[in-house]
Amino acid sequence: MSYGTETASSADIGVGVDVGVGGSRSISGERSRVSDGSRAGCALSAPGPSDLGWTWREGPVSPERAVVFDIDGVISEAAGRQHFLEGPVRNWDGFFESCDEDPVIEETAKLLELLDGRLTVVLLTGRPSRVLGRTRRWLERNGLRWDLLIMRVDGDRDAVASYKRSALSALRSYGFEVCLAFEDDPRNREMFRQEGVHCIYIHSGYYG
Ligand SMILES: [Mg+2]
């Protein structure tokens, strides 16, 4: 699977679901892992997550209850990059490629730390998968908890709420019960509400 300009081996980034991954969890080690290549409780007809921009932090976990967090404007302070989008032509490359310079939003980081360890933390972002490496390094540098990172496949031009609705559908098909979402984009908040997912809105002042 290609991640464009930022490359990492699949073994390094844990892409895909067909890997038997053991090991302990450094932050929230109470959930069971998929260890035999199967996905307990999920619909076998679901699309393959490896085709959907999914990256596991330490390998697939059994699909149980999950909380979904947006990144930009929710856990990452993206307002400092807003200027890339304010000219007559939006500079998306500049915007995304400086994402690893953002400060962390400390309140959300604390919330992640305090969440029940049995919950799966899904980061669902509109960032393209070509900045996967930058995003992972930023998450690690800031010591943030997460289990599954979902990014846009490069070239995806769907409206953001449509992309996130599809991602939510894929999570449910996989077997996750998505209990709660955190968003700073009213379009995505509305989508979650339409889909029956409680959504806590965070006003960031940033909207990509
Ligand atoms: Mg956002």
# chains A, B, ... in the order shown; residues from 1 in each chain; ligands from 1
$ residues_around --residues "region 133-136 of chain A" --least-positions-apart "2" --cutoff "6 Å" --atoms "only C-alpha atoms" --output "PyMOL selection string"
chain A and resi 6+100+131+138-139
$ residues_near_ligand --ligand "ligand 1" --cutoff "9 Å" --atoms "only C-alpha atoms and all ligand atoms" --output "PDB file with C-alpha atoms, in the first residue's frame"
ATOM      1  CA  ASP A  70     -11.072  14.362  14.581  1.00  0.00           C
ATOM      2  CA  ILE A  71      -7.461  15.582  14.599  1.00  0.00           C
ATOM      3  CA  ASP A  72      -7.198  19.115  13.205  1.00  0.00           C
ATOM      4  CA  GLY A  73      -8.929  21.524  15.537  1.00  0.00           C
ATOM      5  CA  VAL A  74      -9.701  18.795  18.077  1.00  0.00           C
ATOM      6  CA  ILE A  75      -6.403  17.343  19.257  1.00  0.00           C
ATOM      7  CA  SER A  76      -4.071  19.386  17.039  1.00  0.00           C
ATOM      8  CA  ALA A  78      -4.295  23.783  13.316  1.00  0.00           C
ATOM      9  CA  THR A 125      -9.067  12.860   9.935  1.00  0.00           C
ATOM     10  CA  GLY A 126      -9.466  14.612   6.618  1.00  0.00           C
ATOM     11  CA  GLU A 183     -15.570  17.264  15.988  1.00  0.00           C
ATOM     12  CA  ASP A 184     -14.875  20.916  15.256  1.00  0.00           C
ATOM     13  CA  ASP A 185     -16.551  20.989  11.853  1.00  0.00           C
ATOM     14  CA  ASN A 188     -19.302  16.502  10.387  1.00  0.00           C
ATOM     15  CA  ILE A 202     -15.415  21.790  19.797  1.00  0.00           C
ATOM     16  CA  SER A 204     -11.793  25.700  16.987  1.00  0.00           C
ATOM     17  CA  TYR A 206     -10.358  26.414  12.065  1.00  0.00           C
ATOM     18  CA  TYR A 207     -12.092  24.672   9.222  1.00  0.00           C
ATOM     19  CA  GLY A 208     -10.127  23.017   6.465  1.00  0.00           C
TER      20      GLY A 208
END
$ select_by_dssp --residues "region 43-205 of chain A" --states "helix (DSSP H, G or I)" --output "JSON list (two decimals) with N, CA and C atoms, in the first residue's frame"
[["chain", "number", "residue", "atom", "x", "y", "z"],
["A", 49, "PRO", "N", -10.29, -2.86, 5.24],
["A", 49, "PRO", "CA", -9.79, -1.61, 5.79],
["A", 49, "PRO", "C", -8.46, -1.16, 5.20],
["A", 50, "SER", "N", -7.65, -2.12, 4.74],
["A", 50, "SER", "CA", -6.37, -1.72, 4.18],
["A", 50, "SER", "C", -6.55, -0.88, 2.93],
["A", 51, "ASP", "N", -7.74, -0.93, 2.34],
["A", 51, "ASP", "CA", -8.02, -0.12, 1.16],
["A", 51, "ASP", "C", -8.64, 1.21, 1.52],
["A", 78, "ALA", "N", -4.61, 23.56, 14.73],
["A", 78, "ALA", "CA", -4.30, 23.78, 13.32],
["A", 78, "ALA", "C", -4.46, 25.24, 12.89],
["A", 79, "ALA", "N", -4.87, 26.10, 13.79],
["A", 79, "ALA", "CA", -5.14, 27.48, 13.38],
["A", 79, "ALA", "C", -3.90, 28.17, 12.83],
["A", 80, "GLY", "N", -2.72, 27.74, 13.27],
["A", 80, "GLY", "CA", -1.49, 28.34, 12.78],
["A", 80, "GLY", "C", -1.21, 28.04, 11.32],
["A", 81, "ARG", "N", -1.94, 27.08, 10.75],
["A", 81, "ARG", "CA", -1.78, 26.74, 9.33],
["A", 81, "ARG", "C", -2.90, 27.30, 8.46],
["A", 82, "GLN", "N", -3.83, 27.95, 9.10],
["A", 82, "GLN", "CA", -5.00, 28.43, 8.37],
["A", 82, "GLN", "C", -4.60, 29.38, 7.24],
["A", 83, "HIS", "N", -3.48, 30.09, 7.41],
["A", 83, "HIS", "CA", -3.07, 31.07, 6.39],
["A", 83, "HIS", "C", -2.81, 30.41, 5.04],
["A", 84, "PHE", "N", -2.47, 29.12, 5.04],
["A", 84, "PHE", "CA", -2.24, 28.43, 3.76],
["A", 84, "PHE", "C", -3.53, 28.35, 2.92],
["A", 85, "LEU", "N", -4.66, 28.52, 3.58],
["A", 85, "LEU", "CA", -5.94, 28.33, 2.89],
["A", 85, "LEU", "C", -6.67, 29.64, 2.63],
["A", 92, "TRP", "N", -3.11, 23.59, -0.27],
["A", 92, "TRP", "CA", -3.35, 22.40, 0.55],
["A", 92, "TRP", "C", -2.06, 21.67, 0.86],
["A", 93, "ASP", "N", -1.11, 21.67, -0.10],
["A", 93, "ASP", "CA", 0.16, 20.98, 0.17],
["A", 93, "ASP", "C", 0.86, 21.62, 1.36],
["A", 94, "GLY", "N", 0.95, 22.94, 1.34],
["A", 94, "GLY", "CA", 1.60, 23.64, 2.45],
["A", 94, "GLY", "C", 0.85, 23.42, 3.75],
["A", 95, "PHE", "N", -0.45, 23.41, 3.64],
["A", 95, "PHE", "CA", -1.28, 23.22, 4.83],
["A", 95, "PHE", "C", -1.02, 21.87, 5.48],
["A", 96, "PHE", "N", -1.06, 20.82, 4.68],
["A", 96, "PHE", "CA", -0.92, 19.48, 5.25],
["A", 96, "PHE", "C", 0.52, 19.17, 5.63],
["A", 97, "GLU", "N", 1.45, 19.65, 4.83],
["A", 97, "GLU", "CA", 2.84, 19.26, 5.07],
["A", 97, "GLU", "C", 3.46, 19.95, 6.28],
["A", 99, "CYS", "N", 1.72, 19.98, 9.11],
["A", 99, "CYS", "CA", 0.85, 19.54, 10.20],
["A", 99, "CYS", "C", 1.61, 19.06, 11.42],
["A", 100, "ASP", "N", 2.86, 18.66, 11.23],
["A", 100, "ASP", "CA", 3.62, 18.15, 12.38],
["A", 100, "ASP", "C", 4.23, 19.26, 13.22],
["A", 101, "GLU", "N", 3.92, 20.50, 12.86],
["A", 101, "GLU", "CA", 4.42, 21.62, 13.66],
["A", 101, "GLU", "C", 3.35, 22.15, 14.62],
["A", 106, "GLU", "N", -4.18, 20.65, 24.71],
["A", 106, "GLU", "CA", -3.91, 19.94, 25.96],
["A", 106, "GLU", "C", -5.18, 19.36, 26.60],
["A", 107, "GLU", "N", -6.28, 20.06, 26.45],
["A", 107, "GLU", "CA", -7.52, 19.58, 27.08],
["A", 107, "GLU", "C", -7.95, 18.25, 26.47],
["A", 108, "THR", "N", -7.86, 18.16, 25.16],
["A", 108, "THR", "CA", -8.25, 16.91, 24.51],
["A", 108, "THR", "C", -7.24, 15.81, 24.79],
["A", 109, "ALA", "N", -5.98, 16.18, 24.86],
["A", 109, "ALA", "CA", -4.96, 15.18, 25.20],
["A", 109, "ALA", "C", -5.25, 14.59, 26.58],
["A", 110, "LYS", "N", -5.66, 15.43, 27.51],
["A", 110, "LYS", "CA", -5.98, 14.94, 28.85],
["A", 110, "LYS", "C", -7.20, 14.03, 28.80],
["A", 111, "LEU", "N", -8.19, 14.42, 27.99],
["A", 111, "LEU", "CA", -9.38, 13.59, 27.85],
["A", 111, "LEU", "C", -9.02, 12.21, 27.30],
["A", 112, "LEU", "N", -8.17, 12.16, 26.31],
["A", 112, "LEU", "CA", -7.73, 10.88, 25.75],
["A", 112, "LEU", "C", -7.09, 10.02, 26.83],
["A", 113, "GLU", "N", -6.30, 10.66, 27.65],
["A", 113, "GLU", "CA", -5.60, 9.94, 28.72],
["A", 113, "GLU", "C", -6.59, 9.35, 29.73],
["A", 114, "LEU", "N", -7.69, 10.07, 29.98],
["A", 114, "LEU", "CA", -8.62, 9.67, 31.03],
["A", 114, "LEU", "C", -9.71, 8.71, 30.55],
["A", 129, "SER", "N", -3.47, 10.55, 3.24],
["A", 129, "SER", "CA", -2.56, 9.53, 3.74],
["A", 129, "SER", "C", -1.10, 9.82, 3.40],
["A", 130, "ARG", "N", -0.84, 10.77, 2.51],
["A", 130, "ARG", "CA", 0.56, 11.08, 2.21],
["A", 130, "ARG", "C", 1.27, 11.74, 3.39],
["A", 131, "VAL", "N", 0.52, 12.23, 4.36],
["A", 131, "VAL", "CA", 1.16, 12.78, 5.56],
["A", 131, "VAL", "C", 1.00, 11.83, 6.75],
["A", 132, "LEU", "N", 0.87, 10.56, 6.45],
["A", 132, "LEU", "CA", 0.78, 9.55, 7.52],
["A", 132, "LEU", "C", 2.01, 9.59, 8.42],
["A", 133, "GLY", "N", 3.19, 9.60, 7.81],
["A", 133, "GLY", "CA", 4.41, 9.58, 8.61],
["A", 133, "GLY", "C", 4.50, 10.78, 9.54],
["A", 134, "ARG", "N", 4.21, 11.95, 9.00],
["A", 134, "ARG", "CA", 4.26, 13.16, 9.83],
["A", 134, "ARG", "C", 3.25, 13.07, 10.97],
["A", 135, "THR", "N", 2.07, 12.57, 10.64],
["A", 135, "THR", "CA", 1.01, 12.48, 11.63],
["A", 135, "THR", "C", 1.38, 11.50, 12.73],
["A", 136, "ARG", "N", 1.90, 10.34, 12.34],
["A", 136, "ARG", "CA", 2.30, 9.35, 13.35],
["A", 136, "ARG", "C", 3.40, 9.89, 14.25],
["A", 137, "ARG", "N", 4.37, 10.54, 13.65],
["A", 137, "ARG", "CA", 5.48, 11.06, 14.47],
["A", 137, "ARG", "C", 4.97, 12.12, 15.45],
["A", 138, "TRP", "N", 4.04, 12.94, 14.98],
["A", 138, "TRP", "CA", 3.48, 13.98, 15.85],
["A", 138, "TRP", "C", 2.71, 13.34, 17.00],
["A", 139, "LEU", "N", 1.93, 12.33, 16.72],
["A", 139, "LEU", "CA", 1.17, 11.64, 17.77],
["A", 139, "LEU", "C", 2.11, 11.02, 18.80],
["A", 140, "GLU", "N", 3.17, 10.39, 18.30],
["A", 140, "GLU", "CA", 4.11, 9.74, 19.22],
["A", 140, "GLU", "C", 4.87, 10.78, 20.04],
["A", 141, "ARG", "N", 5.27, 11.85, 19.38],
["A", 141, "ARG", "CA", 6.05, 12.89, 20.08],
["A", 141, "ARG", "C", 5.26, 13.49, 21.22],
["A", 160, "VAL", "N", -16.04, 16.51, 2.82],
["A", 160, "VAL", "CA", -15.50, 15.94, 4.07],
["A", 160, "VAL", "C", -16.55, 15.13, 4.82],
["A", 161, "ALA", "N", -17.78, 15.60, 4.87],
["A", 161, "ALA", "CA", -18.81, 14.87, 5.61],
["A", 161, "ALA", "C", -19.15, 13.55, 4.92],
["A", 162, "SER", "N", -19.06, 13.54, 3.60],
["A", 162, "SER", "CA", -19.31, 12.31, 2.86],
["A", 162, "SER", "C", -18.22, 11.29, 3.14],
["A", 163, "TYR", "N", -16.97, 11.76, 3.12],
["A", 163, "TYR", "CA", -15.83, 10.90, 3.42],
["A", 163, "TYR", "C", -15.96, 10.31, 4.84],
["A", 164, "LYS", "N", -16.32, 11.16, 5.79],
["A", 164, "LYS", "CA", -16.40, 10.67, 7.17],
["A", 164, "LYS", "C", -17.61, 9.76, 7.37],
["A", 165, "ARG", "N", -18.69, 10.02, 6.64],
["A", 165, "ARG", "CA", -19.84, 9.12, 6.71],
["A", 165, "ARG", "C", -19.45, 7.73, 6.20],
["A", 166, "SER", "N", -18.70, 7.69, 5.12],
["A", 166, "SER", "CA", -18.24, 6.40, 4.59],
["A", 166, "SER", "C", -17.33, 5.69, 5.58],
["A", 167, "ALA", "N", -16.46, 6.48, 6.23],
["A", 167, "ALA", "CA", -15.55, 5.89, 7.20],
["A", 167, "ALA", "C", -16.33, 5.33, 8.40],
["A", 168, "LEU", "N", -17.35, 6.05, 8.82],
["A", 168, "LEU", "CA", -18.19, 5.57, 9.92],
["A", 168, "LEU", "C", -18.87, 4.26, 9.52],
["A", 169, "SER", "N", -19.36, 4.21, 8.31],
["A", 169, "SER", "CA", -20.01, 3.00, 7.81],
["A", 169, "SER", "C", -19.03, 1.83, 7.82],
["A", 170, "ALA", "N", -17.79, 2.09, 7.41],
["A", 170, "ALA", "CA", -16.77, 1.03, 7.39],
["A", 170, "ALA", "C", -16.45, 0.57, 8.80],
["A", 171, "LEU", "N", -16.38, 1.49, 9.74],
["A", 171, "LEU", "CA", -16.13, 1.11, 11.14],
["A", 171, "LEU", "C", -17.24, 0.20, 11.64],
["A", 172, "ARG", "N", -18.47, 0.56, 11.32],
["A", 172, "ARG", "CA", -19.60, -0.25, 11.77],
["A", 172, "ARG", "C", -19.60, -1.61, 11.08],
["A", 173, "SER", "N", -19.28, -1.61, 9.81],
["A", 173, "SER", "CA", -19.21, -2.89, 9.10],
["A", 173, "SER", "C", -18.15, -3.80, 9.68],
["A", 174, "TYR", "N", -17.08, -3.21, 10.13],
["A", 174, "TYR", "CA", -16.00, -3.97, 10.76],
["A", 174, "TYR", "C", -16.44, -4.56, 12.09],
["A", 186, "PRO", "N", -18.87, 21.77, 11.84],
["A", 186, "PRO", "CA", -20.32, 21.57, 11.96],
["A", 186, "PRO", "C", -20.89, 20.60, 10.93],
["A", 187, "ARG", "N", -20.26, 20.50, 9.78],
["A", 187, "ARG", "CA", -20.76, 19.58, 8.76],
["A", 187, "ARG", "C", -20.62, 18.13, 9.23],
["A", 188, "ASN", "N", -19.51, 17.87, 9.89],
["A", 188, "ASN", "CA", -19.30, 16.50, 10.39],
["A", 188, "ASN", "C", -20.15, 16.23, 11.63],
["A", 189, "ARG", "N", -20.31, 17.25, 12.45],
["A", 189, "ARG", "CA", -21.19, 17.08, 13.61],
["A", 189, "ARG", "C", -22.59, 16.70, 13.15],
["A", 190, "GLU", "N", -23.09, 17.38, 12.14],
["A", 190, "GLU", "CA", -24.42, 17.08, 11.62],
["A", 190, "GLU", "C", -24.48, 15.67, 11.05],
["A", 191, "MET", "N", -23.43, 15.28, 10.37],
["A", 191, "MET", "CA", -23.40, 13.91, 9.82],
["A", 191, "MET", "C", -23.49, 12.88, 10.94],
["A", 192, "PHE", "N", -22.70, 13.08, 12.01],
["A", 192, "PHE", "CA", -22.73, 12.11, 13.11],
["A", 192, "PHE", "C", -24.13, 12.06, 13.73],
["A", 193, "ARG", "N", -24.74, 13.22, 13.88],
["A", 193, "ARG", "CA", -26.08, 13.24, 14.46],
["A", 193, "ARG", "C", -27.07, 12.49, 13.55],
["A", 194, "GLN", "N", -26.96, 12.73, 12.27],
["A", 194, "GLN", "CA", -27.83, 12.00, 11.34],
["A", 194, "GLN", "C", -27.63, 10.50, 11.44]]
